[in-house]
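Enquirer: Just one file: input.txt, with compact mmCIF, N, CA and C atoms and all ligand atoms.
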```txt
# COMPACT_ATOMS: atom_id res chain seq x y z
N MET A 1 15.75 3.06 -4.41
CA MET A 1 15.38 2.61 -3.08
C MET A 1 16.60 2.64 -2.18
N THR A 2 16.33 2.83 -0.91
CA THR A 2 17.41 2.92 0.05
C THR A 2 17.17 1.96 1.20
N GLY A 3 18.18 1.78 2.02
CA GLY A 3 18.01 1.01 3.24
C GLY A 3 17.20 1.83 4.24
N LEU A 4 16.80 1.18 5.30
CA LEU A 4 15.98 1.86 6.29
C LEU A 4 16.83 2.48 7.38
N GLY A 5 16.47 3.65 7.80
CA GLY A 5 17.07 4.23 8.98
C GLY A 5 16.41 3.66 10.21
N CYS A 6 17.04 3.80 11.36
CA CYS A 6 16.52 3.23 12.60
C CYS A 6 15.14 3.77 12.93
N SER A 7 14.90 5.06 12.65
CA SER A 7 13.65 5.67 13.08
C SER A 7 12.44 5.09 12.37
N THR A 8 12.64 4.53 11.21
CA THR A 8 11.50 4.00 10.47
C THR A 8 11.41 2.49 10.53
N GLU A 9 12.38 1.86 11.18
CA GLU A 9 12.40 0.40 11.17
C GLU A 9 11.19 -0.23 11.83
N ALA A 10 10.80 0.29 12.99
CA ALA A 10 9.66 -0.29 13.70
C ALA A 10 8.39 -0.12 12.89
N GLN A 11 8.23 1.06 12.30
CA GLN A 11 7.05 1.30 11.47
C GLN A 11 7.03 0.36 10.27
N ALA A 12 8.16 0.23 9.63
CA ALA A 12 8.25 -0.64 8.47
C ALA A 12 7.96 -2.09 8.85
N ASP A 13 8.54 -2.53 9.95
CA ASP A 13 8.33 -3.92 10.38
C ASP A 13 6.85 -4.18 10.67
N ALA A 14 6.21 -3.26 11.36
CA ALA A 14 4.80 -3.46 11.72
C ALA A 14 3.92 -3.49 10.48
N LEU A 15 4.19 -2.58 9.56
CA LEU A 15 3.35 -2.54 8.35
C LEU A 15 3.60 -3.75 7.46
N VAL A 16 4.84 -4.16 7.35
CA VAL A 16 5.14 -5.34 6.53
C VAL A 16 4.52 -6.58 7.15
N ARG A 17 4.57 -6.67 8.47
CA ARG A 17 3.93 -7.81 9.15
C ARG A 17 2.43 -7.84 8.82
N ALA A 18 1.79 -6.69 8.88
CA ALA A 18 0.35 -6.62 8.57
C ALA A 18 0.09 -6.97 7.10
N ALA A 19 0.97 -6.52 6.23
CA ALA A 19 0.81 -6.83 4.80
C ALA A 19 0.97 -8.33 4.54
N ARG A 20 1.97 -8.93 5.17
CA ARG A 20 2.19 -10.38 4.99
C ARG A 20 1.01 -11.17 5.54
N GLU A 21 0.47 -10.74 6.65
CA GLU A 21 -0.70 -11.43 7.23
C GLU A 21 -1.89 -11.30 6.28
N ALA A 22 -2.09 -10.13 5.72
CA ALA A 22 -3.22 -9.91 4.80
C ALA A 22 -3.08 -10.76 3.55
N ALA A 23 -1.86 -10.99 3.12
CA ALA A 23 -1.64 -11.78 1.90
C ALA A 23 -2.17 -13.20 2.05
N LYS A 24 -2.30 -13.67 3.29
CA LYS A 24 -2.84 -15.01 3.51
C LYS A 24 -4.30 -15.11 3.08
N GLN A 25 -4.97 -13.96 2.97
CA GLN A 25 -6.37 -13.94 2.53
C GLN A 25 -6.50 -13.67 1.03
N ALA A 26 -5.39 -13.58 0.33
CA ALA A 26 -5.45 -13.23 -1.09
C ALA A 26 -6.34 -14.22 -1.86
N TYR A 27 -7.14 -13.66 -2.75
CA TYR A 27 -7.96 -14.48 -3.65
C TYR A 27 -7.30 -14.38 -5.02
N CYS A 28 -6.47 -15.37 -5.33
CA CYS A 28 -5.67 -15.29 -6.56
C CYS A 28 -5.60 -16.64 -7.27
N PRO A 29 -6.79 -17.22 -7.60
CA PRO A 29 -6.79 -18.54 -8.24
C PRO A 29 -6.24 -18.52 -9.66
N TYR A 30 -6.16 -17.36 -10.30
CA TYR A 30 -5.71 -17.30 -11.70
C TYR A 30 -4.21 -17.08 -11.79
N SER A 31 -3.68 -16.23 -10.94
CA SER A 31 -2.24 -15.94 -11.00
C SER A 31 -1.43 -16.75 -9.99
N ASP A 32 -2.09 -17.21 -8.94
CA ASP A 32 -1.36 -17.83 -7.82
C ASP A 32 -0.22 -16.91 -7.36
N TYR A 33 -0.53 -15.63 -7.28
CA TYR A 33 0.45 -14.62 -6.89
C TYR A 33 -0.14 -13.77 -5.76
N PRO A 34 -0.08 -14.28 -4.53
CA PRO A 34 -0.68 -13.54 -3.43
C PRO A 34 0.12 -12.28 -3.09
N VAL A 35 -0.61 -11.24 -2.79
CA VAL A 35 -0.01 -9.96 -2.39
C VAL A 35 -0.82 -9.41 -1.21
N GLY A 36 -0.12 -8.83 -0.26
CA GLY A 36 -0.77 -8.13 0.84
C GLY A 36 -0.25 -6.72 0.91
N ALA A 37 -1.06 -5.84 1.45
CA ALA A 37 -0.63 -4.45 1.62
C ALA A 37 -1.21 -3.93 2.92
N ALA A 38 -0.55 -2.92 3.46
CA ALA A 38 -1.06 -2.26 4.66
C ALA A 38 -0.74 -0.78 4.58
N VAL A 39 -1.68 0.02 5.03
CA VAL A 39 -1.47 1.47 5.06
C VAL A 39 -1.59 1.97 6.49
N LEU A 40 -0.86 3.02 6.77
CA LEU A 40 -0.91 3.70 8.06
C LEU A 40 -1.63 5.03 7.85
N THR A 41 -2.64 5.30 8.66
CA THR A 41 -3.40 6.54 8.51
C THR A 41 -2.78 7.64 9.35
N GLY A 42 -3.23 8.85 9.10
CA GLY A 42 -2.69 10.01 9.80
C GLY A 42 -2.83 9.92 11.30
N ASP A 43 -3.82 9.21 11.77
CA ASP A 43 -4.00 9.07 13.22
C ASP A 43 -3.54 7.71 13.75
N GLY A 44 -2.73 7.02 12.95
CA GLY A 44 -2.06 5.85 13.47
C GLY A 44 -2.76 4.51 13.32
N ARG A 45 -3.85 4.48 12.58
CA ARG A 45 -4.54 3.21 12.36
C ARG A 45 -3.90 2.48 11.18
N VAL A 46 -3.95 1.15 11.23
CA VAL A 46 -3.43 0.33 10.14
C VAL A 46 -4.59 -0.40 9.47
N TYR A 47 -4.64 -0.31 8.17
CA TYR A 47 -5.63 -1.04 7.37
C TYR A 47 -4.86 -1.91 6.38
N ALA A 48 -5.28 -3.16 6.27
CA ALA A 48 -4.58 -4.09 5.40
C ALA A 48 -5.54 -4.65 4.36
N GLY A 49 -4.99 -5.11 3.26
CA GLY A 49 -5.80 -5.69 2.20
C GLY A 49 -4.99 -6.69 1.40
N CYS A 50 -5.70 -7.47 0.61
CA CYS A 50 -5.06 -8.46 -0.25
C CYS A 50 -5.58 -8.29 -1.68
N ASN A 51 -4.90 -8.90 -2.63
CA ASN A 51 -5.40 -8.84 -3.99
C ASN A 51 -6.65 -9.72 -4.12
N VAL A 52 -7.59 -9.25 -4.93
CA VAL A 52 -8.85 -9.95 -5.16
C VAL A 52 -9.02 -10.08 -6.67
N GLU A 53 -8.77 -11.29 -7.17
CA GLU A 53 -8.84 -11.50 -8.62
C GLU A 53 -10.27 -11.82 -9.06
N ASN A 54 -10.46 -11.78 -10.38
CA ASN A 54 -11.77 -12.04 -10.95
C ASN A 54 -11.61 -12.80 -12.26
N ALA A 55 -12.59 -13.63 -12.58
CA ALA A 55 -12.56 -14.39 -13.84
C ALA A 55 -12.48 -13.45 -15.03
N SER A 56 -13.05 -12.27 -14.90
CA SER A 56 -12.86 -11.21 -15.88
C SER A 56 -11.64 -10.42 -15.41
N TYR A 57 -10.47 -10.81 -15.90
CA TYR A 57 -9.21 -10.39 -15.31
C TYR A 57 -9.10 -8.89 -15.01
N GLY A 58 -9.64 -8.09 -15.91
CA GLY A 58 -9.52 -6.64 -15.74
C GLY A 58 -10.21 -6.10 -14.50
N LEU A 59 -11.05 -6.90 -13.89
CA LEU A 59 -11.76 -6.46 -12.69
C LEU A 59 -10.97 -6.75 -11.42
N THR A 60 -9.84 -7.40 -11.56
CA THR A 60 -8.99 -7.69 -10.41
C THR A 60 -8.60 -6.40 -9.69
N VAL A 61 -8.58 -6.46 -8.37
CA VAL A 61 -8.19 -5.31 -7.57
C VAL A 61 -6.93 -5.67 -6.78
N CYS A 62 -5.96 -4.78 -6.81
CA CYS A 62 -4.69 -5.01 -6.13
C CYS A 62 -4.84 -4.83 -4.61
N ALA A 63 -3.93 -5.46 -3.90
CA ALA A 63 -3.92 -5.39 -2.43
C ALA A 63 -3.81 -3.95 -1.94
N GLU A 64 -2.99 -3.16 -2.61
CA GLU A 64 -2.78 -1.77 -2.16
C GLU A 64 -4.09 -0.98 -2.22
N ARG A 65 -4.80 -1.13 -3.34
CA ARG A 65 -6.05 -0.37 -3.47
C ARG A 65 -7.12 -0.87 -2.50
N VAL A 66 -7.12 -2.17 -2.21
CA VAL A 66 -8.05 -2.69 -1.20
C VAL A 66 -7.76 -2.05 0.15
N ALA A 67 -6.49 -2.01 0.54
CA ALA A 67 -6.13 -1.43 1.83
C ALA A 67 -6.48 0.06 1.88
N ILE A 68 -6.17 0.78 0.81
CA ILE A 68 -6.47 2.22 0.77
C ILE A 68 -7.98 2.44 0.86
N CYS A 69 -8.74 1.67 0.10
CA CYS A 69 -10.20 1.84 0.10
C CYS A 69 -10.81 1.48 1.45
N LYS A 70 -10.25 0.50 2.13
CA LYS A 70 -10.74 0.17 3.46
C LYS A 70 -10.53 1.36 4.40
N ALA A 71 -9.36 1.98 4.35
CA ALA A 71 -9.08 3.12 5.21
C ALA A 71 -10.01 4.29 4.88
N VAL A 72 -10.14 4.58 3.59
CA VAL A 72 -10.97 5.72 3.18
C VAL A 72 -12.43 5.46 3.53
N SER A 73 -12.88 4.25 3.30
CA SER A 73 -14.29 3.96 3.59
C SER A 73 -14.58 3.93 5.08
N ASP A 74 -13.52 3.88 5.88
CA ASP A 74 -13.69 3.96 7.33
C ASP A 74 -13.51 5.40 7.81
N GLY A 75 -13.40 6.33 6.87
CA GLY A 75 -13.38 7.74 7.22
C GLY A 75 -12.04 8.43 7.18
N HIS A 76 -10.98 7.72 6.85
CA HIS A 76 -9.64 8.33 6.84
C HIS A 76 -9.36 8.99 5.49
N ARG A 77 -8.61 10.09 5.54
CA ARG A 77 -8.31 10.83 4.32
C ARG A 77 -6.82 11.09 4.15
N THR A 78 -6.02 10.64 5.11
CA THR A 78 -4.58 10.85 5.04
C THR A 78 -3.87 9.52 5.28
N ILE A 79 -2.98 9.17 4.35
CA ILE A 79 -2.17 7.97 4.49
C ILE A 79 -0.71 8.41 4.63
N THR A 80 -0.04 7.89 5.66
CA THR A 80 1.31 8.35 5.97
C THR A 80 2.38 7.30 5.67
N ALA A 81 1.98 6.08 5.35
CA ALA A 81 2.94 5.05 4.94
C ALA A 81 2.17 3.89 4.32
N LEU A 82 2.86 3.17 3.44
CA LEU A 82 2.26 1.98 2.83
C LEU A 82 3.32 0.89 2.76
N ALA A 83 2.90 -0.34 3.02
CA ALA A 83 3.78 -1.50 2.82
C ALA A 83 3.09 -2.47 1.88
N VAL A 84 3.89 -3.11 1.05
CA VAL A 84 3.37 -4.16 0.18
C VAL A 84 4.27 -5.37 0.30
N ALA A 85 3.65 -6.55 0.37
CA ALA A 85 4.41 -7.80 0.49
C ALA A 85 3.92 -8.77 -0.57
N GLY A 86 4.84 -9.19 -1.41
CA GLY A 86 4.49 -10.14 -2.47
C GLY A 86 5.75 -10.50 -3.24
N GLY A 87 5.68 -11.58 -3.98
CA GLY A 87 6.85 -12.00 -4.74
C GLY A 87 7.91 -12.56 -3.83
N ASN A 88 9.15 -12.57 -4.33
CA ASN A 88 10.24 -13.15 -3.53
C ASN A 88 11.40 -12.16 -3.44
N GLY A 89 12.46 -12.62 -2.82
CA GLY A 89 13.59 -11.73 -2.58
C GLY A 89 14.22 -11.19 -3.85
N ASN A 90 14.18 -11.98 -4.91
CA ASN A 90 14.77 -11.54 -6.17
C ASN A 90 13.86 -10.56 -6.91
N ALA A 91 12.55 -10.74 -6.70
CA ALA A 91 11.58 -9.91 -7.41
C ALA A 91 10.36 -9.67 -6.52
N PRO A 92 10.53 -8.82 -5.50
CA PRO A 92 9.37 -8.50 -4.66
C PRO A 92 8.35 -7.69 -5.46
N ALA A 93 7.09 -7.81 -5.08
CA ALA A 93 6.03 -7.06 -5.77
C ALA A 93 6.16 -5.58 -5.44
N THR A 94 6.09 -4.77 -6.44
CA THR A 94 6.06 -3.32 -6.24
C THR A 94 4.69 -2.81 -6.67
N PRO A 95 4.26 -1.69 -6.13
CA PRO A 95 2.93 -1.19 -6.48
C PRO A 95 2.82 -0.88 -7.98
N CYS A 96 1.72 -1.29 -8.60
CA CYS A 96 1.51 -1.00 -10.02
C CYS A 96 1.19 0.49 -10.20
N GLY A 97 1.18 0.94 -11.41
CA GLY A 97 0.94 2.34 -11.69
C GLY A 97 -0.40 2.83 -11.17
N ALA A 98 -1.44 2.03 -11.31
CA ALA A 98 -2.76 2.44 -10.84
C ALA A 98 -2.75 2.65 -9.33
N CYS A 99 -2.12 1.74 -8.62
CA CYS A 99 -2.07 1.87 -7.16
C CYS A 99 -1.25 3.08 -6.73
N ARG A 100 -0.19 3.38 -7.46
CA ARG A 100 0.62 4.56 -7.14
C ARG A 100 -0.23 5.82 -7.27
N GLN A 101 -1.01 5.90 -8.33
CA GLN A 101 -1.86 7.08 -8.53
C GLN A 101 -2.96 7.15 -7.46
N VAL A 102 -3.54 6.03 -7.10
CA VAL A 102 -4.58 6.03 -6.06
C VAL A 102 -3.97 6.44 -4.72
N LEU A 103 -2.78 5.96 -4.42
CA LEU A 103 -2.11 6.37 -3.18
C LEU A 103 -1.86 7.87 -3.18
N ALA A 104 -1.50 8.42 -4.34
CA ALA A 104 -1.20 9.85 -4.44
C ALA A 104 -2.41 10.72 -4.09
N GLU A 105 -3.59 10.17 -4.17
CA GLU A 105 -4.79 10.92 -3.80
C GLU A 105 -4.82 11.23 -2.30
N PHE A 106 -4.19 10.36 -1.52
CA PHE A 106 -4.31 10.47 -0.06
C PHE A 106 -2.96 10.59 0.65
N ALA A 107 -1.87 10.64 -0.10
CA ALA A 107 -0.54 10.63 0.52
C ALA A 107 0.35 11.66 -0.16
N ALA A 108 1.26 12.21 0.61
CA ALA A 108 2.22 13.19 0.10
C ALA A 108 3.36 12.48 -0.63
N PRO A 109 4.06 13.21 -1.50
CA PRO A 109 5.17 12.58 -2.24
C PRO A 109 6.24 11.95 -1.34
N GLU A 110 6.45 12.52 -0.16
CA GLU A 110 7.48 11.98 0.74
C GLU A 110 7.01 10.78 1.56
N THR A 111 5.80 10.35 1.35
CA THR A 111 5.26 9.19 2.08
C THR A 111 6.11 7.95 1.83
N PRO A 112 6.57 7.29 2.90
CA PRO A 112 7.37 6.08 2.69
C PRO A 112 6.54 4.92 2.16
N VAL A 113 7.15 4.18 1.26
CA VAL A 113 6.56 2.95 0.73
C VAL A 113 7.57 1.84 0.98
N TYR A 114 7.15 0.82 1.73
CA TYR A 114 8.01 -0.29 2.09
C TYR A 114 7.66 -1.48 1.20
N ILE A 115 8.67 -2.06 0.61
CA ILE A 115 8.48 -3.16 -0.33
C ILE A 115 9.20 -4.39 0.22
N ALA A 116 8.45 -5.48 0.39
CA ALA A 116 9.02 -6.66 1.02
C ALA A 116 8.63 -7.92 0.27
N PRO A 117 9.50 -8.92 0.28
CA PRO A 117 9.11 -10.23 -0.25
C PRO A 117 7.95 -10.78 0.56
N LEU A 118 7.22 -11.72 -0.02
CA LEU A 118 6.02 -12.25 0.62
C LEU A 118 6.32 -12.89 1.98
N LYS A 119 7.30 -13.75 2.03
CA LYS A 119 7.51 -14.54 3.26
C LYS A 119 8.53 -13.91 4.20
N ARG A 120 9.70 -13.68 3.72
CA ARG A 120 10.77 -13.14 4.55
C ARG A 120 11.77 -12.46 3.63
N GLY A 121 12.67 -11.73 4.25
CA GLY A 121 13.69 -11.08 3.44
C GLY A 121 13.71 -9.60 3.66
N ARG A 122 14.64 -8.97 3.03
CA ARG A 122 14.96 -7.57 3.25
C ARG A 122 13.81 -6.66 2.82
N ILE A 123 13.52 -5.70 3.67
CA ILE A 123 12.54 -4.66 3.35
C ILE A 123 13.30 -3.50 2.72
N THR A 124 12.83 -3.04 1.59
CA THR A 124 13.42 -1.85 1.01
C THR A 124 12.42 -0.71 1.13
N ALA A 125 12.96 0.48 1.25
CA ALA A 125 12.11 1.66 1.43
C ALA A 125 12.32 2.63 0.29
N THR A 126 11.22 3.19 -0.15
CA THR A 126 11.28 4.25 -1.14
C THR A 126 10.19 5.25 -0.77
N THR A 127 9.86 6.13 -1.65
CA THR A 127 8.78 7.07 -1.37
C THR A 127 7.80 7.07 -2.54
N LEU A 128 6.61 7.55 -2.25
CA LEU A 128 5.62 7.68 -3.31
C LEU A 128 6.15 8.58 -4.42
N GLY A 129 6.81 9.67 -4.04
CA GLY A 129 7.32 10.61 -5.04
C GLY A 129 8.35 9.98 -5.96
N ALA A 130 9.15 9.06 -5.41
CA ALA A 130 10.15 8.37 -6.23
C ALA A 130 9.48 7.37 -7.17
N LEU A 131 8.39 6.76 -6.69
CA LEU A 131 7.69 5.76 -7.50
C LEU A 131 6.80 6.40 -8.57
N LEU A 132 6.32 7.61 -8.27
CA LEU A 132 5.37 8.26 -9.19
C LEU A 132 5.67 9.74 -9.33
N PRO A 133 6.77 10.06 -9.99
CA PRO A 133 7.04 11.49 -10.22
C PRO A 133 6.00 12.05 -11.18
N GLY A 134 5.60 13.26 -10.93
CA GLY A 134 4.65 13.91 -11.85
C GLY A 134 3.30 13.25 -11.88
N SER A 135 2.80 12.86 -10.72
CA SER A 135 1.48 12.21 -10.69
C SER A 135 0.41 13.15 -11.23
N PHE A 136 -0.62 12.57 -11.77
CA PHE A 136 -1.72 13.37 -12.31
C PHE A 136 -2.45 14.07 -11.18
N SER A 137 -2.79 15.33 -11.41
CA SER A 137 -3.54 16.09 -10.41
C SER A 137 -4.35 17.15 -11.12
N ILE A 138 -5.53 17.42 -10.60
CA ILE A 138 -6.32 18.54 -11.13
C ILE A 138 -6.37 19.66 -10.12
N GLY A 139 -5.37 19.70 -9.26
CA GLY A 139 -5.30 20.75 -8.25
C GLY A 139 -5.65 20.20 -6.89
N LYS A 140 -5.66 21.07 -5.95
CA LYS A 140 -5.91 20.66 -4.57
C LYS A 140 -7.33 20.10 -4.47
N PRO A 141 -7.47 18.85 -4.05
CA PRO A 141 -8.81 18.28 -3.98
C PRO A 141 -9.59 18.81 -2.78
N HIS A 142 -10.88 18.85 -2.95
CA HIS A 142 -11.74 19.16 -1.82
C HIS A 142 -12.03 17.84 -1.13
N ARG A 143 -11.38 17.63 -0.02
CA ARG A 143 -11.53 16.36 0.69
C ARG A 143 -12.16 16.60 2.04
N PRO A 144 -13.45 16.69 2.09
CA PRO A 144 -14.08 16.92 3.38
C PRO A 144 -13.78 15.78 4.35
N ALA A 145 -13.48 16.16 5.56
CA ALA A 145 -13.26 15.14 6.58
C ALA A 145 -14.56 14.40 6.83
N SER A 146 -14.44 13.14 7.15
CA SER A 146 -15.65 12.38 7.47
C SER A 146 -16.15 12.86 8.83
N PRO A 147 -17.36 12.52 9.18
CA PRO A 147 -17.89 12.94 10.49
C PRO A 147 -17.06 12.40 11.65
N THR A 148 -16.34 11.29 11.45
CA THR A 148 -15.66 10.66 12.59
C THR A 148 -14.15 10.72 12.53
N GLN A 149 -13.56 10.99 11.38
CA GLN A 149 -12.12 10.96 11.24
C GLN A 149 -11.65 12.22 10.54
N ASN A 150 -10.34 12.35 10.38
CA ASN A 150 -9.84 13.48 9.58
C ASN A 150 -9.20 12.99 8.33
ZN ZN B 201 -1.90 -2.19 -8.17
```
Please rewrite the model in this file as C-alpha cells.
Expert:
Amino acid sequence: MTGLGCSTEAQADALVRAAREAAKQAYCPYSDYPVGAAVLTGDGRVYAGCNVENASYGLTVCAERVAICKAVSDGHRTITALAVAGGNGNAPATPCGACRQVLAEFAAPETPVYIAPLKRGRITATTLGALLPGSFSIGKPHRPASPTQN
C-alpha cells in the first residue's frame, strides 16, 4: 500500500466518508464489527453498503459486496474505485478474498481501493490488482449494458 497522491485525495475522502456513514447501518450483532463500503461507478455515482450478518454465520454478507450489488442491481457494470471502512488504525478492515473476486468482476486491476479505519485515521490506498493478483477468470465476460446505464 502507498500514500495518496493529491489527485486521488478528494475521491478517497468522499468514498471513505460514504463508507463510514454506511457502517452506521451495519447489522453485526454477532461480531460487533461494523464495516462500511462505498463504490464509485463509471459514470460517477456512489453506492454504499454495510455488513449484514446472519444467525447462520456463513450467510453473512460483507459491506463491499452489498455496495457492489447495489450498484449492479441499479444497472451499473463498471466500478472505478472502492473504499472500505472498518476496524481501527492498527488493524483497519481490508476486503476479504470473496469481495476481492466479486470486485474483479466489475473493476480493472488498476482500480484504486481505499482502506480506512472505521472512525478516523489515515487512509491507505492500494489497487485491486495488488490485493488479488491472478484473479479467477473464464475470459472476457459478456456484460450487456442495462437499459439505463452502462
Ligand atoms: Zn468480504
Enquirer: Using all atoms listed in the file, which residues sit within 6.5 Å of segment 48-63 of chain A once same-chain residues fewer than 4 positions away are excluded, as JSON, numbers by chain?
Expert: {"A": [18, 19, 22, 23, 25, 26, 27, 28, 29, 34, 35, 36, 37, 38, 39, 67, 68]}
Enquirer: Could you list, as a PyMOL selection string, every residue within 8 Å of Val102 of chain A, counting only N, CA and C atoms and ignoring same-chain residues fewer than 5 positions away?
Expert: chain A and resi 64-65+68+96-97+107
Enquirer: Selection from above, N, CA and C atoms, as a PDB file, in the frame of the given file, can you write it?
Expert:
```pdb
ATOM      1  N   GLU A  64      -2.990  -3.160  -2.610  1.00  0.00           N
ATOM      2  CA  GLU A  64      -2.780  -1.770  -2.160  1.00  0.00           C
ATOM      3  C   GLU A  64      -4.090  -0.980  -2.220  1.00  0.00           C
ATOM      4  N   ARG A  65      -4.800  -1.130  -3.340  1.00  0.00           N
ATOM      5  CA  ARG A  65      -6.050  -0.370  -3.470  1.00  0.00           C
ATOM      6  C   ARG A  65      -7.120  -0.870  -2.500  1.00  0.00           C
ATOM      7  N   ILE A  68      -6.170   0.780   0.810  1.00  0.00           N
ATOM      8  CA  ILE A  68      -6.470   2.220   0.770  1.00  0.00           C
ATOM      9  C   ILE A  68      -7.980   2.440   0.860  1.00  0.00           C
ATOM     10  N   CYS A  96       1.720  -1.290  -8.600  1.00  0.00           N
ATOM     11  CA  CYS A  96       1.510  -1.000 -10.020  1.00  0.00           C
ATOM     12  C   CYS A  96       1.190   0.490 -10.200  1.00  0.00           C
ATOM     13  N   GLY A  97       1.180   0.940 -11.410  1.00  0.00           N
ATOM     14  CA  GLY A  97       0.940   2.340 -11.690  1.00  0.00           C
ATOM     15  C   GLY A  97      -0.400   2.830 -11.170  1.00  0.00           C
ATOM     16  N   ALA A 107      -1.870  10.640  -0.100  1.00  0.00           N
ATOM     17  CA  ALA A 107      -0.540  10.630   0.520  1.00  0.00           C
ATOM     18  C   ALA A 107       0.350  11.660  -0.160  1.00  0.00           C
TER      19      ALA A 107
END
```
Enquirer: Give the answer as one residue: which of A:Leu40, A:Ala91, A:Leu103, A:Ala116 has the shortest atom-to-atom distance to Ile79 of chain A, using all atoms listed in the file?
Expert: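 Among the listed residues, the smallest separation from Ile79 of chain A belongs to A:Leu40.
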Enquirer: One number please: atom CA of Thr80 of chain A to atom CA of Ile115 of chain A, in Å, one decimal.
Expert: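 Atom CA of Ile115 of chain A lies 15.0 Å from atom CA of Thr80 of chain A.
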Enquirer: At what distance in Å, to one decimal, does atom CA of Tyr30 of chain A lie from atom N of Gly121 of chain A?
Expert: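 That distance, rounded to one decimal, is 25.0 Å.
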Enquirer: Could you work out an axis-aligned box for segment 117-128 of chain A, taking every atom the file lists and adding 4 Å on each side, and report centre and edge lengths in Å to one decimal, as JSON?
Expert:
```
{"center_x": 10.3, "center_y": -3.0, "center_z": 0.1, "size_x": 17.3, "size_y": 31.1, "size_z": 17.0}
```
Enquirer: Contacts of Thr78 of chain A at 5 Å or less, counting all atoms listed in the file, minus same-chain residues fewer than 6 places along, as an MDAnalysis selection string?
Expert: chainID A and resid 41:42 106
Enquirer: Please identify the strand (DSSP E) residues within segment 6-102 of chain A (assignment by DSSP from backbone atoms) and present them as JSON, numbers by chain.
Expert: {"A": [35, 36, 37, 38, 39, 40, 41, 46, 47, 48, 49, 50, 79, 80, 81, 82, 83, 84, 85, 86]}
Enquirer: From the set A:His76, A:Ala108, A:Gly44, A:Thr94, which residue has the shortest atom-to-atom contact distance to ligand ZN 201 (chain B), counting all atoms listed in the file?
Expert: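 Ranked by minimum distance to ligand ZN 201 (chain B), first place goes to A:Thr94.
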